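All remarks here apply to the structure that follows.
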Amino acid sequence: MDSGFVHIIPSSRCHGKTENEKSYGEFDEERDSEYTFVSALSMNGGDGDNSYSTNSLLQRRVLAKAKPVLVKNTKELMIDLNFPNYIKVADLGCSSGQNTFLAMSEIINIINVFCQKWNQNPPEIDCCFNDLPNNDFNTTFKSIHLFKEKNLTSFESYFVSGVPGSFYSRLFPRKSLHFVHSSYGLHWLSKVPKGLEKNKTSVYITNSSPISTYKAYSNQFQRDFTTFLKLRSEEMISNGRMVLTFIGRNNMDNPLHRDCCHFWTLLSKSLRDLVIEGLVSASKVDSFYMPFYDPSEKEVKEIIGKEGSFEIKDLETHEYDIGHCNQDEAKRSKSGQNEANYIRAVCEPLLVAHFGDATIYTLFNKFAYHVSQHADCRNKTTVSLVLSLTRK
Ligand SMILES: C[S@@+](CC[C@H](N)C(=O)[O-])C[C@H]1O[C@@H](n2cnc3c(N)ncnc32)[C@H](O)[C@@H]1O
């Protein structure tokens, strides 16, 4: 890709506060006192053995499965906007490592091939990579050459910038964005909800949780996802598109139902093992909860309808494929270790902020063991939801 050129502008955006940002500011104060560890949310940086970069094959598979929706929506956007000469695209929750540039490269290539096909001039593309400030942006931008190599069809220029900040706050000027992509970020909440005290010994909703736990989590997701939609609706132009992929759960009558092999259920078991061995106190485990929610398709549709700024174009449910069913003993243990590596890469900073780093190695050995004991389970609750939306 010789003719394309890249400008890297790591930028912090400053702006006046909207209503939503005010509430985010209030949440900041709350977070400082009560849930400081949530501000540690980030994937393991770098490219070492425990990094997200090395352990994100699952998320790469998810991106591949969502590709048809991405292709369709990118093409439709170009037609709806009558082949504009400038397009601003944001990838929200880009993380660091091998996956970071995948979706953006697809978008650039789809646009350029599509323009060629329709005999149109390709647009200049503004590529904005967002994640939380703790994200390893250094690793991301050091591997910018991979991005250039992927953008084989780009005959015109594209421009790259980093946008550190929460997607639950305003990140871009009004009516500036044409396309928003986000994969596997939106199941992370802005904070741990209040009112989980009765949910003892589990870090998330489980079959034995009180119903108040489900309500607390689903209310928090409702608030966060509504905020996300409202803020993006301010930033996006009319007819702009969003493709969002995140973890969800199958519609079930019982909102507390999670499979016995659910990753947070197995993490809870592993933490309890540490309590039994005297490595961590019970009260420390009892006060740790994941800032995470896996909504059903129905919940997602309701929130989008109620918020009102977007129209749903596609909503697909894909199997959550961790890839370790029905294996022999050796393979079970290997896949247990693989899943432990995936989960460690996404939540080690959160765990370290609450428990310290002394027990992490032991914790994930326990976790790998518990996964291997569930190798025959077909995970039926967890799914990936792929959603495309048009700004009305
Ligand atoms: C599992 S990674 C997914 C990374 C990449 N999109 C992929 O598909 O491999 C989720 C990313 O979302 C980011 N994230 C979570 N909450 C966020 C927020 N409120 N604002 C911005 N990024 C967030 C995390 O820091 C993390 O890098």
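Order determines the names: the first chain of the structure tokens is A, the second B, and so forth; residues in each chain are numbered 1 upward, and ligands are numbered 1 upward as they are shown.
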
Q: List every residue of region 40-234 of chain A that DSSP, applied to the backbone, labels as alpha helix (DSSP H), and write the result as a ChimeraX atom specification.
A: /A:57-80,102-117,137-142,144-150,211-234

Once you have the residues from the selection above, write them out as a compact mmCIF listing (two decimals), in the first residue's frame, restricted to C-alpha atoms.
```txt
# COMPACT_ATOMS: atom_id res chain seq x y z
CA LEU A 57 -8.35 -15.88 18.81
CA LEU A 58 -11.92 -16.20 20.14
CA GLN A 59 -12.58 -12.51 19.44
CA ARG A 60 -10.95 -12.91 15.99
CA ARG A 61 -13.44 -15.68 15.19
CA VAL A 62 -16.25 -13.40 16.36
CA LEU A 63 -15.04 -10.65 14.01
CA ALA A 64 -14.94 -13.14 11.12
CA LYS A 65 -18.52 -14.26 11.79
CA ALA A 66 -19.77 -10.67 11.90
CA LYS A 67 -18.02 -9.79 8.62
CA PRO A 68 -21.06 -10.26 6.31
CA VAL A 69 -23.02 -7.70 8.38
CA LEU A 70 -20.04 -5.32 8.25
CA VAL A 71 -19.70 -5.69 4.46
CA LYS A 72 -23.41 -5.18 3.83
CA ASN A 73 -23.67 -2.09 6.03
CA THR A 74 -20.52 -0.45 4.67
CA LYS A 75 -21.80 -0.82 1.11
CA GLU A 76 -25.27 0.44 2.01
CA LEU A 77 -23.73 3.45 3.77
CA MET A 78 -21.80 4.40 0.63
CA ILE A 79 -24.97 4.23 -1.45
CA ASP A 80 -27.12 6.06 1.14
CA LEU A 102 -9.00 -6.03 11.46
CA ALA A 103 -12.41 -4.38 11.20
CA MET A 104 -11.01 -0.99 10.12
CA SER A 105 -8.97 -2.64 7.34
CA GLU A 106 -12.08 -4.47 6.18
CA ILE A 107 -14.01 -1.22 6.06
CA ILE A 108 -11.28 0.55 4.06
CA ASN A 109 -11.00 -2.33 1.61
CA ILE A 110 -14.75 -2.73 1.19
CA ILE A 111 -15.14 0.99 0.50
CA ASN A 112 -12.32 1.07 -2.05
CA VAL A 113 -13.37 -2.06 -3.94
CA PHE A 114 -16.99 -0.88 -3.93
CA CYS A 115 -16.02 2.55 -5.28
CA GLN A 116 -14.00 0.90 -8.06
CA LYS A 117 -16.94 -1.29 -8.95
CA PHE A 137 -2.07 2.30 22.69
CA ASN A 138 1.74 2.10 22.40
CA THR A 139 1.62 -1.53 21.28
CA THR A 140 -1.29 -0.69 18.99
CA PHE A 141 0.47 2.10 17.15
CA LYS A 142 3.83 0.35 17.06
CA ILE A 144 0.70 0.29 12.49
CA HIS A 145 2.70 -1.34 9.66
CA LEU A 146 0.32 -4.33 9.93
CA PHE A 147 -2.55 -1.95 9.27
CA LYS A 148 -0.82 -0.57 6.18
CA GLU A 149 -0.12 -4.08 4.90
CA LYS A 150 -3.77 -5.03 5.26
CA ILE A 211 -33.57 -11.93 41.46
CA SER A 212 -32.41 -8.53 42.76
CA THR A 213 -28.98 -9.32 41.28
CA TYR A 214 -30.44 -9.74 37.81
CA LYS A 215 -32.44 -6.52 38.23
CA ALA A 216 -29.38 -4.57 39.35
CA TYR A 217 -27.33 -5.78 36.39
CA SER A 218 -30.05 -5.38 33.77
CA ASN A 219 -30.87 -1.84 35.01
CA GLN A 220 -27.21 -0.90 34.79
CA PHE A 221 -26.97 -2.26 31.26
CA GLN A 222 -30.13 -0.40 30.31
CA ARG A 223 -28.66 2.86 31.62
CA ASP A 224 -25.26 2.30 30.01
CA PHE A 225 -26.52 1.14 26.61
CA THR A 226 -29.05 4.00 26.49
CA THR A 227 -26.24 6.46 27.29
CA PHE A 228 -24.09 4.88 24.56
CA LEU A 229 -26.88 5.23 21.97
CA LYS A 230 -27.71 8.80 22.98
CA LEU A 231 -24.08 9.93 22.78
CA ARG A 232 -23.49 8.23 19.43
CA SER A 233 -26.72 9.72 18.10
CA GLU A 234 -25.25 13.16 18.86
```

Please report, as a Markdown table, each residue of chain A lying at most 7 Å from ligand 1, together with the nearest pair of atoms and the separation in Å rounded to one decimal; use only C-alpha atoms and all ligand atoms, and order rows by chain and ascending residue number.
```
| residue | atom | partner | partner_atom_place_in_ligand_line | distance |
| --- | --- | --- | --- | --- |
| A:Leu41 | CA | ligand 1 | 25 (O) | 6.0 |
| A:Ser42 | CA | ligand 1 | 25 (O) | 4.0 |
| A:Met43 | CA | ligand 1 | 27 (O) | 5.3 |
| A:Ser56 | CA | ligand 1 | 9 (O) | 6.2 |
| A:Gln59 | CA | ligand 1 | 9 (O) | 4.9 |
| A:Arg60 | CA | ligand 1 | 9 (O) | 6.1 |
| A:Leu63 | CA | ligand 1 | 8 (O) | 6.3 |
| A:Leu92 | CA | ligand 1 | 22 (N) | 6.0 |
| A:Gly93 | CA | ligand 1 | 12 (O) | 3.5 |
| A:Cys94 | CA | ligand 1 | 6 (N) | 4.2 |
| A:Ser95 | CA | ligand 1 | 27 (O) | 3.4 |
| A:Ser96 | CA | ligand 1 | 27 (O) | 6.8 |
| A:Asn99 | CA | ligand 1 | 9 (O) | 4.7 |
| A:Thr100 | CA | ligand 1 | 5 (C) | 5.6 |
| A:Asn130 | CA | ligand 1 | 21 (C) | 6.2 |
| A:Asp131 | CA | ligand 1 | 22 (N) | 3.8 |
| A:Leu132 | CA | ligand 1 | 21 (C) | 4.5 |
| A:Asn135 | CA | ligand 1 | 25 (O) | 5.8 |
| A:Gly165 | CA | ligand 1 | 21 (C) | 6.0 |
| A:Ser166 | CA | ligand 1 | 20 (N) | 3.4 |
| A:Phe167 | CA | ligand 1 | 20 (N) | 4.0 |
| A:Tyr168 | CA | ligand 1 | 19 (N) | 5.4 |
| A:Ser182 | CA | ligand 1 | 6 (N) | 6.0 |
| A:Ser183 | CA | ligand 1 | 6 (N) | 4.4 |
| A:Tyr184 | CA | ligand 1 | 3 (C) | 4.7 |
| A:Gly185 | CA | ligand 1 | 12 (O) | 3.7 |
| A:Leu186 | CA | ligand 1 | 16 (N) | 6.5 |
| A:Trp188 | CA | ligand 1 | 16 (N) | 5.1 |
| A:Leu189 | CA | ligand 1 | 16 (N) | 6.7 |
| A:Ser190 | CA | ligand 1 | 19 (N) | 5.7 |
| A:Val346 | CA | ligand 1 | 1 (C) | 6.1 |
```

**Q.** Selection: 6 Å around Ile247 (chain A), only C-alpha atoms, excl. self and same-chain fewer than 4 positions, as a ChimeraX atom specification
**A.** /A:187,294,383-384

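Considering only C-alpha atoms, the residue among A:Val180, A:Val371, A:Leu351, A:Ile125 positioned nearest to Asn85 (chain A) is A:Ile125.
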
Q: May I have the residues within 12 Å of Lys392 (chain A) as a ChimeraX atom specification, using only C-alpha atoms and disregarding those fewer than 3 positions away in the same chain?
A: /A:229,232-234,236-242,304-305,307-313,389

Export of the given selection (C-alpha atoms) as a compact mmCIF listing (two decimals), in the first residue's frame:
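Wrote it out as selection-v9.txt, contents follow:
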```txt
# COMPACT_ATOMS: atom_id res chain seq x y z
CA LEU A 229 -26.88 5.23 21.97
CA ARG A 232 -23.49 8.23 19.43
CA SER A 233 -26.72 9.72 18.10
CA GLU A 234 -25.25 13.16 18.86
CA MET A 236 -23.30 10.60 14.06
CA ILE A 237 -24.71 12.10 10.90
CA SER A 238 -28.21 11.20 9.76
CA ASN A 239 -28.16 7.81 7.91
CA GLY A 240 -24.81 6.94 9.56
CA ARG A 241 -24.35 3.27 10.44
CA MET A 242 -23.21 1.30 13.48
CA ILE A 304 -33.00 0.66 21.17
CA GLY A 305 -36.74 1.19 20.60
CA GLU A 307 -34.06 5.40 23.14
CA GLY A 308 -35.42 6.09 19.67
CA SER A 309 -32.50 7.51 17.64
CA PHE A 310 -31.64 4.37 15.67
CA GLU A 311 -33.39 1.88 13.46
CA ILE A 312 -32.35 -1.77 13.66
CA LYS A 313 -31.20 -3.12 10.27
CA LEU A 389 -28.22 0.27 13.27
```
